[in-house]
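J.: Pasting in a structure now, in structure tokens, and then I'll have a few things to ask.
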2 protein chains.
Amino acid sequence: MTGENLALLRKEMKKRRIDVYVMSVTDYHASEYIGDHFKEIAFLTGFTGENSYVLVTQKDAFIWADGRYFLQCEREIAGSGFKMVKMGVEGQPKLEEKIKEELKTGMTLGFDGKLTSEADCRKYEEIARNNGSKVKIEYNLIDPLWKDRPELPAKKVWIVPPKYSGKTVKNKLRDILDELKSKGSDAFLLTSLYDIAWLLNLRGNDIPNVPVFMSYMYITRRKAVLYIQDKALDTKIKAYLKKNQITVKKYEQIYKDLPKEKAESVILDANIVNAALVRLLPRKTRLIEGRNMTEVKKAIKNDTEIKNTKKAHIEDGVAVTKFIHYIKTYIGKEELDEMDAADILLLYRKEREHFLDVSFDTIAAYRANAAMMHYSATPDNFAVLKPEGFLLVDSGGHYMEGTTDITRTIALGPLTDREREAYTLTLKAYLRLLDAKFLKGASGIGLDILARGVMWERGLDYRCGTGHGVGHINNVHEGPNGFRYKADPAYPVEPLVPGMITTDEPGLYYDGELGVRIESELLCVEDERTEYGQFLRFENLTYAPLEPEAIIVEMLDDHEKELVNEYHEKCRKVLGPYLTDEENEWLKKETAPI
Amino acid sequence: MTGENLALLRKEMKKRRIDVYVMSVTDYHASEYIGDHFKEIAFLTGFTGENSYVLVTQKDAFIWADGRYFLQCEREIAGSGFKMVKMGVEGQPKLEEKIKEELKTGMTLGFDGKLTSEADCRKYEEIARNNGSKVKIEYNLIDPLWKDRPELPAKKVWIVPPKYSGKTVKNKLRDILDELKSKGSDAFLLTSLYDIAWLLNLRGNDIPNVPVFMSYMYITRRKAVLYIQDKALDTKIKAYLKKNQITVKKYEQIYKDLPKEKAESVILDANIVNAALVRLLPRKTRLIEGRNMTEVKKAIKNDTEIKNTKKAHIEDGVAVTKFIHYIKTYIGKEELDEMDAADILLLYRKEREHFLDVSFDTIAAYRANAAMMHYSATPDNFAVLKPEGFLLVDSGGHYMEGTTDITRTIALGPLTDREREAYTLTLKAYLRLLDAKFLKGASGIGLDILARGVMWERGLDYRCGTGHGVGHINNVHEGPNGFRYKADPAYPVEPLVPGMITTDEPGLYYDGELGVRIESELLCVEDERTEYGQFLRFENLTYAPLEPEAIIVEMLDDHEKELVNEYHEKCRKVLGPYLTDEENEWLKKETAPI
């Protein structure tokens, strides 16, 4: 990386009279993962990781990296003229603090309003107001410099058949209209790609591992308009949209249409809708802000989705179990590294019926590498597996039936006491959450401590949520039903309701030493109804053996042992029919009662 | 009660062309308890309970009562022309549903904007908008009818000396100004009586059991104006306010001043500030809404408040312990009823140093009466105590050093197995919460399940929060630090921080049979700091013996037994010096290790 791009950007800033320019890794839809077209920070700085910000002045240039990327970022930005700021490290400034510091009276802060959520834009404006400075949201300053910028992705859109979606577009739209009415609003501006895909029972391929497509929607009591690239549609999809009374317009047309819309009020999520769009709404339009109503509806899986998802989990569990058997059989006999592990697992997944793609890049992390929560082996940085210690494998797949996410930490041979203790604590945390029984009205915020408390009692923690909602042939991370102990101040807390699917994935991560995580997906279902109300519990959707040789049995109480043994019995029953005799023989031994 | 007042109200409604009129038990400040001046619903319907609404049309008249008041309400409204609606009972409409139903197109909904929060007002307007009807917030229709309406309370205000308040008004105001600036706002409209009392280190006596005074405040970057009744001020207080640069104006003057205020933006809590006030702000004023910043600051007790509160709890614990000894000694020997119990406890409290008043009406509930969570014995409805079963006593005091809230469930003689089981489960729940260790950032929502989970596992529940924040010589219920499993959608979840004091009061309530509750107050304090961050825990502030003869010891694990024994050892040590030899002898036996 040379500093050339930075120099060009600074020229551009001078030309536009912008003193401070900020950017973040995102697209026009606040997507978690992004297509190549949007990798502006990589173009500018060389850094290719996720979740990053950049701030540039004529004098300084900073890039924020989160914990998993410190080393990689340092390496990739060498020579680019950028200094790394370490997120979450004491003494290192946050983006907003840095803006406050750099944006002097009379200066102008610039950023691309299409690549900035309305909520972030307001924060920046607030800082500017307090500093006596200005904000400019009109210019993207990277575009003029980036000569070979990749095209906006526009892969073909495809239909999720009713036998997988379980609910027609018409019925979904009717629910939206009902909610519009009950909220006393005229219109709903929806820009989340995940929610649009769900609402229309359509999928695409514009973001790696997330089968969605570039689009916006504007829904009123009288019309539903889809803004989408023409290239993404074939005649079949066009007919399908027409049949469903969806008006189709060009992707960019929404920026011309919105100023002419006459809704008295519009519902939107200011944390997702980009600032450029919001500011195009007529001035007198009242904004009704909050979480997209589609987000909660999407999170509550319907009976068809649930039935299918269960099937997807069996398929996926078979692949993972075969993989574990393979690795355990050949470790020490074949030369295997972390990338091989991911490849072998992919081969097993590809053998399964209706497998579409992985739902995220497989994490196969050996020993100390597993302490990095989102570690990813690369050709110039990977570990060779030995017949000792743990291999942590966190992976998932998209199937026509649904999306999966599973982690197993596999013993490749002898384990240290610390490894076994970490595994057993993680197992206890995992079991305590999946065994929960709770009244309707409780939320993931309220249940998190069931798992995390096992760590907290010992002064430990795992520095991330205990679990997240999982999409249905959609983003593997979704929804308002995560298990975490800090509530998102931007949204009200959502209760858990039957049909929600959430991962249960506590872990322990000792820097430079080891990483353990156990992850299954939990379906929220009804339990008994008493005079106190409707109780709920979880059904474990995931089938793949735990690691009994990593368990310090004396640390478990009788009920916990019972939970392990019952689960393993289920695994043998459910997976058995799909396994070879040899695999079944192995599984039986592997899952002998503890 | 006759229907005369209702008939007069209906005449008044006709005169003002109001078709539907709604009222609720509140004052101009959304206070929890109210002075006699505000008891409009009692005047109109005869019903004297808390937490009630009324809806009147020319044809119908409804009054809502919550679970603890069904019988009382039925009795009190007899002949008034009102029908009772049971809150929280399936099939019974909520107030808003009833408004939707009654408010037909073209009709007008009326209510007193001064007695309705801005947030409620918006809900009513939304219903009206959707129904094609109108809203009138100008008229109080009770005032013209209520000839002998009590005066607005205006008791003398008094100063909390620095040795009890721990922080000067100037410093508190400086914090507010800092937050005003950091939020980029010019003004703060504060109408919560609790918060004003805290901010000014002043107390009053305008609400039974809550030492606050009728007032409003309007704070800008340049001035702090207190709107207060002149009668409430003596020369000393006037001088004190002047010294603290507080501008004093007449209580009602705020309604004339607000329209002239020129702030660009005003911070306010729309769930507390009344709608009449909000609508007087100039149209172009931007509202920055959310929880009053004073509320969180008030909830975090400073070192002086903590030191004093600890002293108040010892004084209060002595009174409660002497009371328990008395009751246990004389039960079966003297004729004692529930009201006697409350009286005796009050006598013991009055003996303690710096005791001011009870912090709420003492609940002394025998056997099945204790199943009503907020039961209150009255001269025409009380139970005589017998030497068997449980007496539940929930009470508290205001001392110059602070405010207390404590519940002990006392065995008056032999107990049934069900009673002992209920006590032991409650004890387990109580112990699990007070023994919590958690990372900074966790909230009361996240910790609630530690206590409640004990009940949920068994299909039980206690239908109320596990605990609430406690004021300092202020409302006994306060703050954002409650333990509960449902988050209040109106506010972001607040983390627990050192200095917050919250009650831990799980229970079990079997209708018509028994009620058990154990309540102590927990101070949030720092625990160890590890590489994962700062851990927090609780310090139990309350000292009064538990009820060992009610414990089924086999249901407790070793750690739980240890917690009970340690606590009792502390009680003996802390309370001992204040007890008579006889009391100490008894306490020693009562708290023998289990």
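Lettering and numbering for the structure tokens are positional, with chains as A, B, ... in the shown order, residues counted from 1 in each chain, and ligands counted from 1 in the shown order.
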To test your reading of the structure, identify every residue in range 259-498 of chain B that backbone DSSP assigns to helix (DSSP H, G or I), and report it as a ChimeraX atom specification.
T.: /B:259-260,275-278,293-299,303-330,338-351,367-371,417-434,444-456
J.: With a cut-off of 7 Å and counting only C-alpha atoms, select all residues of chain A in contact with chain B and give the selection as a list of chain:residue names.
T.: A:Glu126, A:Asn130, A:Gly184, A:Lys437, A:Phe438, A:Leu439, A:Gly441, A:Ala442, A:Ile445, A:Gly446, A:Leu447, A:Asp448, A:Ile449, A:Trp456, A:Glu457, A:Gly459, A:Leu460, A:Asp461, A:Tyr485, A:Lys486, A:Ala487, A:Pro489, A:Pro492, A:Val493, A:Thr530, A:Tyr532
J.: Could you work out how far CA of Asp394 in chain B lies from CA of Met372 in chain B, giving the answer in Å with one decimal?
T.: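 So the answer is 12.1 Å.
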J.: Determine, counting only C-alpha atoms, which protein, DNA and RNA residues have an atom within 8 Å of an atom of Asn475 in chain B; residues of the same chain fewer than 5 positions away are not included. Present the result as a VMD selection string.
T.: chain B and resid 194 209 to 211 359 470
J.: Can you pull out the residues contacting Tyr326 in chain A? Cut-off 9 Å, using only C-alpha atoms, and skip same-chain residues under 5 positions away; I want them as a ChimeraX atom specification.
T.: /A:321,331,344,583
J.: Show which residues sit within 9 Å of Thr309 in chain A, as a list in words. Count only C-alpha atoms, and ignore same-chain residues fewer than 2 positions away.
T.: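 After dropping sequence-adjacent residues, the list is Thr304, Glu305, Ile306, Lys307, Lys311, Ala312, His313, Ile314, Tyr399, Glu401, Gly402, Thr403, Thr404, His472 and Leu541 of chain A.
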J.: Can those selected residues be exported to a file as a compact mmCIF listing (two decimals), in the first residue's frame so that it contains N, CA and C atoms?
T.:
# COMPACT_ATOMS: atom_id res chain seq x y z
N THR A 304 -43.99 -23.69 8.84
CA THR A 304 -43.27 -24.27 7.70
C THR A 304 -41.77 -24.02 7.83
N GLU A 305 -41.43 -22.81 8.18
CA GLU A 305 -40.00 -22.49 8.36
C GLU A 305 -39.40 -23.35 9.47
N ILE A 306 -40.16 -23.55 10.53
CA ILE A 306 -39.65 -24.35 11.66
C ILE A 306 -39.45 -25.80 11.24
N LYS A 307 -40.47 -26.35 10.57
CA LYS A 307 -40.39 -27.75 10.13
C LYS A 307 -39.18 -27.92 9.20
N LYS A 311 -35.24 -29.83 9.56
CA LYS A 311 -34.64 -30.73 8.57
C LYS A 311 -33.23 -30.25 8.19
N ALA A 312 -33.10 -28.94 7.98
CA ALA A 312 -31.79 -28.38 7.63
C ALA A 312 -30.77 -28.71 8.72
N HIS A 313 -31.22 -28.65 9.99
CA HIS A 313 -30.29 -28.91 11.08
C HIS A 313 -29.86 -30.37 11.12
N ILE A 314 -30.75 -31.26 10.72
CA ILE A 314 -30.35 -32.67 10.68
C ILE A 314 -29.31 -32.87 9.58
N TYR A 399 -29.40 -23.90 3.48
CA TYR A 399 -30.08 -24.97 2.75
C TYR A 399 -31.40 -24.38 2.26
N GLU A 401 -34.00 -25.43 3.05
CA GLU A 401 -34.87 -25.56 4.23
C GLU A 401 -34.56 -24.52 5.31
N GLY A 402 -33.40 -23.91 5.23
CA GLY A 402 -33.08 -22.94 6.28
C GLY A 402 -31.58 -22.78 6.48
N THR A 403 -31.24 -21.98 7.46
CA THR A 403 -29.85 -21.58 7.69
C THR A 403 -29.39 -22.14 9.03
N THR A 404 -28.14 -22.57 9.10
CA THR A 404 -27.63 -23.13 10.35
C THR A 404 -26.37 -22.41 10.81
N HIS A 472 -33.66 -17.15 8.15
CA HIS A 472 -34.11 -18.32 7.39
C HIS A 472 -33.73 -18.11 5.93
N LEU A 541 -32.16 -27.41 18.36
CA LEU A 541 -32.33 -27.83 16.96
C LEU A 541 -31.09 -28.51 16.41
J.: Please run DSSP on the backbone and report, as an mmCIF file with N, CA, C and O atoms, in the first residue's frame, all residues within range 204-445 of chain A that come out as strand (DSSP E).
T.:
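The file below, result_1.cif, is the result:
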data_model
loop_
_atom_site.group_PDB
_atom_site.id
_atom_site.type_symbol
_atom_site.label_atom_id
_atom_site.label_comp_id
_atom_site.auth_asym_id
_atom_site.auth_seq_id
_atom_site.Cartn_x
_atom_site.Cartn_y
_atom_site.Cartn_z
ATOM 1 N N SER A 215 -31.744 -3.473 -2.928
ATOM 2 C CA SER A 215 -33.118 -3.008 -3.148
ATOM 3 C C SER A 215 -33.579 -2.085 -2.020
ATOM 4 O O SER A 215 -32.992 -2.074 -0.930
ATOM 5 N N TYR A 216 -34.594 -1.325 -2.299
ATOM 6 C CA TYR A 216 -35.304 -0.529 -1.294
ATOM 7 C C TYR A 216 -36.791 -0.822 -1.449
ATOM 8 O O TYR A 216 -37.237 -1.200 -2.530
ATOM 9 N N MET A 217 -37.569 -0.595 -0.388
ATOM 10 C CA MET A 217 -39.023 -0.675 -0.540
ATOM 11 C C MET A 217 -39.701 0.517 0.118
ATOM 12 O O MET A 217 -39.260 1.017 1.152
ATOM 13 N N TYR A 218 -40.772 0.960 -0.516
ATOM 14 C CA TYR A 218 -41.598 2.015 0.043
ATOM 15 C C TYR A 218 -43.032 1.515 -0.012
ATOM 16 O O TYR A 218 -43.574 1.257 -1.093
ATOM 17 N N ILE A 219 -43.608 1.326 1.166
ATOM 18 C CA ILE A 219 -44.920 0.695 1.246
ATOM 19 C C ILE A 219 -45.909 1.676 1.872
ATOM 20 O O ILE A 219 -45.661 2.213 2.953
ATOM 21 N N THR A 220 -46.998 1.925 1.164
ATOM 22 C CA THR A 220 -48.046 2.781 1.727
ATOM 23 C C THR A 220 -49.320 1.939 1.841
ATOM 24 O O THR A 220 -49.316 0.752 1.529
ATOM 25 N N ALA A 224 -47.087 -0.910 -2.905
ATOM 26 C CA ALA A 224 -45.818 -1.429 -2.396
ATOM 27 C C ALA A 224 -44.828 -1.332 -3.540
ATOM 28 O O ALA A 224 -44.996 -1.992 -4.575
ATOM 29 N N VAL A 225 -43.833 -0.464 -3.397
ATOM 30 C CA VAL A 225 -42.888 -0.232 -4.493
ATOM 31 C C VAL A 225 -41.544 -0.861 -4.147
ATOM 32 O O VAL A 225 -41.005 -0.641 -3.059
ATOM 33 N N LEU A 226 -41.029 -1.670 -5.085
ATOM 34 C CA LEU A 226 -39.707 -2.264 -4.931
ATOM 35 C C LEU A 226 -38.741 -1.542 -5.866
ATOM 36 O O LEU A 226 -38.959 -1.494 -7.076
ATOM 37 N N TYR A 227 -37.693 -0.977 -5.313
ATOM 38 C CA TYR A 227 -36.645 -0.331 -6.107
ATOM 39 C C TYR A 227 -35.503 -1.323 -6.239
ATOM 40 O O TYR A 227 -34.912 -1.719 -5.235
ATOM 41 N N ILE A 228 -35.219 -1.722 -7.484
ATOM 42 C CA ILE A 228 -34.270 -2.819 -7.684
ATOM 43 C C ILE A 228 -33.601 -2.677 -9.047
ATOM 44 O O ILE A 228 -34.178 -2.089 -9.964
ATOM 45 N N ILE A 246 -46.674 -5.859 -6.621
ATOM 46 C CA ILE A 246 -45.520 -5.059 -6.239
ATOM 47 C C ILE A 246 -45.126 -4.202 -7.443
ATOM 48 O O ILE A 246 -44.862 -4.733 -8.521
ATOM 49 N N THR A 247 -45.107 -2.903 -7.280
ATOM 50 C CA THR A 247 -44.646 -2.013 -8.340
ATOM 51 C C THR A 247 -43.120 -2.054 -8.376
ATOM 52 O O THR A 247 -42.478 -1.937 -7.338
ATOM 53 N N VAL A 248 -42.555 -2.243 -9.563
ATOM 54 C CA VAL A 248 -41.101 -2.325 -9.675
ATOM 55 C C VAL A 248 -40.552 -1.037 -10.282
ATOM 56 O O VAL A 248 -41.063 -0.553 -11.294
ATOM 57 N N LYS A 249 -39.553 -0.452 -9.650
ATOM 58 C CA LYS A 249 -38.884 0.718 -10.219
ATOM 59 C C LYS A 249 -37.380 0.525 -10.119
ATOM 60 O O LYS A 249 -36.898 -0.365 -9.421
ATOM 61 N N LYS A 250 -36.664 1.383 -10.823
ATOM 62 C CA LYS A 250 -35.202 1.283 -10.836
ATOM 63 C C LYS A 250 -34.638 1.564 -9.442
ATOM 64 O O LYS A 250 -35.141 2.402 -8.696
ATOM 65 N N SER A 265 -47.104 10.645 7.554
ATOM 66 C CA SER A 265 -46.077 10.096 8.442
ATOM 67 C C SER A 265 -45.463 8.856 7.816
ATOM 68 O O SER A 265 -46.112 8.138 7.053
ATOM 69 N N VAL A 266 -44.192 8.622 8.116
ATOM 70 C CA VAL A 266 -43.484 7.467 7.571
ATOM 71 C C VAL A 266 -42.799 6.729 8.717
ATOM 72 O O VAL A 266 -42.105 7.340 9.536
ATOM 73 N N ILE A 267 -42.990 5.423 8.762
ATOM 74 C CA ILE A 267 -42.299 4.576 9.735
ATOM 75 C C ILE A 267 -40.943 4.190 9.169
ATOM 76 O O ILE A 267 -40.851 3.760 8.023
ATOM 77 N N LEU A 268 -39.900 4.358 9.956
ATOM 78 C CA LEU A 268 -38.577 3.924 9.496
ATOM 79 C C LEU A 268 -37.660 3.689 10.688
ATOM 80 O O LEU A 268 -37.902 4.170 11.789
ATOM 81 N N ARG A 286 -44.040 13.446 9.105
ATOM 82 C CA ARG A 286 -43.692 13.073 10.469
ATOM 83 C C ARG A 286 -42.992 11.716 10.427
ATOM 84 O O ARG A 286 -43.440 10.790 9.768
ATOM 85 N N LEU A 287 -41.871 11.574 11.118
ATOM 86 C CA LEU A 287 -41.154 10.295 11.163
ATOM 87 C C LEU A 287 -41.589 9.508 12.393
ATOM 88 O O LEU A 287 -41.606 10.041 13.499
ATOM 89 N N ILE A 288 -41.988 8.266 12.189
ATOM 90 C CA ILE A 288 -42.289 7.380 13.314
ATOM 91 C C ILE A 288 -41.148 6.375 13.355
ATOM 92 O O ILE A 288 -41.049 5.493 12.502
ATOM 93 N N GLU A 289 -40.266 6.560 14.335
ATOM 94 C CA GLU A 289 -39.022 5.802 14.310
ATOM 95 C C GLU A 289 -39.046 4.609 15.251
ATOM 96 O O GLU A 289 -39.689 4.630 16.280
ATOM 97 N N PHE A 355 -28.173 -28.240 -0.124
ATOM 98 C CA PHE A 355 -27.194 -27.292 0.411
ATOM 99 C C PHE A 355 -26.938 -26.207 -0.628
ATOM 100 O O PHE A 355 -26.762 -26.469 -1.802
ATOM 101 N N LEU A 356 -26.941 -24.941 -0.183
ATOM 102 C CA LEU A 356 -26.751 -23.817 -1.103
ATOM 103 C C LEU A 356 -25.361 -23.215 -0.969
ATOM 104 O O LEU A 356 -24.657 -22.993 -1.948
ATOM 105 N N ASP A 357 -24.968 -22.915 0.252
ATOM 106 C CA ASP A 357 -23.726 -22.170 0.467
ATOM 107 C C ASP A 357 -23.438 -22.203 1.965
ATOM 108 O O ASP A 357 -24.323 -22.521 2.764
ATOM 109 N N VAL A 358 -22.215 -21.859 2.339
ATOM 110 C CA VAL A 358 -21.965 -21.665 3.764
ATOM 111 C C VAL A 358 -22.641 -20.353 4.173
ATOM 112 O O VAL A 358 -22.794 -19.440 3.362
ATOM 113 N N ILE A 363 -14.921 -20.871 10.543
ATOM 114 C CA ILE A 363 -13.818 -20.635 11.468
ATOM 115 C C ILE A 363 -13.313 -21.998 11.915
ATOM 116 O O ILE A 363 -14.035 -22.736 12.586
ATOM 117 N N ALA A 364 -12.117 -22.351 11.504
ATOM 118 C CA ALA A 364 -11.481 -23.576 12.005
ATOM 119 C C ALA A 364 -10.202 -23.095 12.666
ATOM 120 O O ALA A 364 -9.272 -22.670 11.977
ATOM 121 N N ALA A 365 -10.174 -23.094 13.996
ATOM 122 C CA ALA A 365 -9.085 -22.431 14.715
ATOM 123 C C ALA A 365 -8.469 -23.407 15.702
ATOM 124 O O ALA A 365 -9.155 -23.956 16.567
ATOM 125 N N TYR A 366 -7.183 -23.618 15.557
ATOM 126 C CA TYR A 366 -6.492 -24.611 16.380
ATOM 127 C C TYR A 366 -5.827 -23.923 17.576
ATOM 128 O O TYR A 366 -5.186 -22.896 17.449
ATOM 129 N N PHE A 390 -7.278 -28.561 21.359
ATOM 130 C CA PHE A 390 -8.601 -28.343 20.773
ATOM 131 C C PHE A 390 -8.542 -27.756 19.366
ATOM 132 O O PHE A 390 -7.739 -26.862 19.086
ATOM 133 N N LEU A 391 -9.451 -28.208 18.513
ATOM 134 C CA LEU A 391 -9.763 -27.519 17.257
ATOM 135 C C LEU A 391 -11.186 -26.982 17.388
ATOM 136 O O LEU A 391 -12.132 -27.751 17.577
ATOM 137 N N LEU A 392 -11.327 -25.665 17.323
ATOM 138 C CA LEU A 392 -12.661 -25.049 17.402
ATOM 139 C C LEU A 392 -13.171 -24.844 15.983
ATOM 140 O O LEU A 392 -12.487 -24.230 15.163
ATOM 141 N N VAL A 393 -14.358 -25.349 15.695
ATOM 142 C CA VAL A 393 -14.933 -25.184 14.353
ATOM 143 C C VAL A 393 -16.321 -24.551 14.474
ATOM 144 O O VAL A 393 -17.251 -25.143 15.005
ATOM 145 N N ASP A 394 -16.422 -23.329 13.982
ATOM 146 C CA ASP A 394 -17.678 -22.567 13.988
ATOM 147 C C ASP A 394 -18.067 -22.389 12.533
ATOM 148 O O ASP A 394 -17.307 -21.800 11.753
ATOM 149 N N SER A 395 -19.220 -22.921 12.160
ATOM 150 C CA SER A 395 -19.588 -22.924 10.740
ATOM 151 C C SER A 395 -21.093 -22.999 10.596
ATOM 152 O O SER A 395 -21.807 -23.186 11.577
ATOM 153 N N GLY A 397 -24.497 -23.406 7.339
ATOM 154 C CA GLY A 397 -24.864 -23.543 5.940
ATOM 155 C C GLY A 397 -26.223 -22.944 5.647
ATOM 156 O O GLY A 397 -27.065 -22.809 6.538
ATOM 157 N N HIS A 398 -26.390 -22.540 4.401
ATOM 158 C CA HIS A 398 -27.727 -22.230 3.896
ATOM 159 C C HIS A 398 -28.222 -23.450 3.139
ATOM 160 O O HIS A 398 -27.518 -23.965 2.266
ATOM 161 N N TYR A 399 -29.399 -23.904 3.476
ATOM 162 C CA TYR A 399 -30.077 -24.968 2.752
ATOM 163 C C TYR A 399 -31.398 -24.380 2.261
ATOM 164 O O TYR A 399 -31.845 -23.351 2.768
ATOM 165 N N GLY A 402 -33.396 -23.913 5.235
ATOM 166 C CA GLY A 402 -33.079 -22.943 6.282
ATOM 167 C C GLY A 402 -31.581 -22.780 6.477
ATOM 168 O O GLY A 402 -30.774 -23.381 5.763
ATOM 169 N N THR A 403 -31.237 -21.975 7.459
ATOM 170 C CA THR A 403 -29.851 -21.583 7.688
ATOM 171 C C THR A 403 -29.392 -22.138 9.034
ATOM 172 O O THR A 403 -30.176 -22.177 9.985
ATOM 173 N N ILE A 406 -23.371 -23.530 13.872
ATOM 174 C CA ILE A 406 -23.003 -24.519 14.896
ATOM 175 C C ILE A 406 -21.520 -24.413 15.226
ATOM 176 O O ILE A 406 -20.705 -24.180 14.338
ATOM 177 N N THR A 407 -21.194 -24.556 16.496
ATOM 178 C CA THR A 407 -19.786 -24.631 16.896
ATOM 179 C C THR A 407 -19.572 -25.870 17.748
ATOM 180 O O THR A 407 -20.358 -26.138 18.666
ATOM 181 N N ARG A 408 -18.548 -26.616 17.423
ATOM 182 C CA ARG A 408 -18.105 -27.691 18.302
ATOM 183 C C ARG A 408 -16.602 -27.506 18.512
ATOM 184 O O ARG A 408 -15.879 -27.127 17.594
ATOM 185 N N THR A 409 -16.165 -27.734 19.734
ATOM 186 C CA THR A 409 -14.740 -27.670 20.029
ATOM 187 C C THR A 409 -14.274 -29.102 20.214
ATOM 188 O O THR A 409 -14.755 -29.817 21.092
ATOM 189 N N ILE A 410 -13.389 -29.514 19.327
ATOM 190 C CA ILE A 410 -13.068 -30.936 19.160
ATOM 191 C C ILE A 410 -11.697 -31.237 19.767
ATOM 192 O O ILE A 410 -10.725 -30.514 19.503
ATOM 193 N N ALA A 411 -11.637 -32.268 20.576
ATOM 194 C CA ALA A 411 -10.350 -32.682 21.150
ATOM 195 C C ALA A 411 -9.601 -33.510 20.110
ATOM 196 O O ALA A 411 -10.089 -34.552 19.674
ATOM 197 N N LYS A 437 -36.495 -22.277 31.725
ATOM 198 C CA LYS A 437 -37.960 -22.233 31.658
ATOM 199 C C LYS A 437 -38.343 -20.848 32.133
ATOM 200 O O LYS A 437 -37.869 -20.392 33.175
ATOM 201 N N PHE A 438 -39.183 -20.166 31.365
ATOM 202 C CA PHE A 438 -39.425 -18.755 31.683
ATOM 203 C C PHE A 438 -40.814 -18.333 31.241
ATOM 204 O O PHE A 438 -41.395 -18.904 30.324
ATOM 205 N N LEU A 439 -41.320 -17.308 31.890
ATOM 206 C CA LEU A 439 -42.650 -16.798 31.551
ATOM 207 C C LEU A 439 -42.588 -15.986 30.265
ATOM 208 O O LEU A 439 -41.608 -15.284 30.015
#
J.: Hey, what's within 9 Å of Glu138 in chain A if we count only C-alpha atoms and toss same-chain stuff fewer than 4 positions away? As a list in words, please?
T.: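 Using only C-alpha atoms, the neighbours found are Gly110, Phe111, Asp112, Gly113, Lys114 and Ala276 of chain A.
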J.: Between B:Val564, B:Ile142, B:Leu522, B:Leu55, which is the closest to Glu40 in chain B once you count only C-alpha atoms?
T.: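 Counting only C-alpha atoms, the residue closest to Glu40 in chain B is B:Ile142.
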J.: As a list in words, please: the residues near range 383-389 of chain B (cut-off 8 Å, only C-alpha atoms, same-chain neighbours under 6 positions excluded).
T.: Ile331, Gly332, Glu335, Leu336, Asp337, Glu338, Ala365, Tyr366, Arg367, Ala377, Ala411, Leu412, Gly413, Pro414, Leu415, Thr416 and Glu419 of chain B
J.: Quick one: pull the distance between CA of Ser31 in chain B and CA of Ile207 in chain B, Å, one decimal.
T.: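 Separation of CA of Ser31 in chain B and CA of Ile207 in chain B: 8.9 Å.
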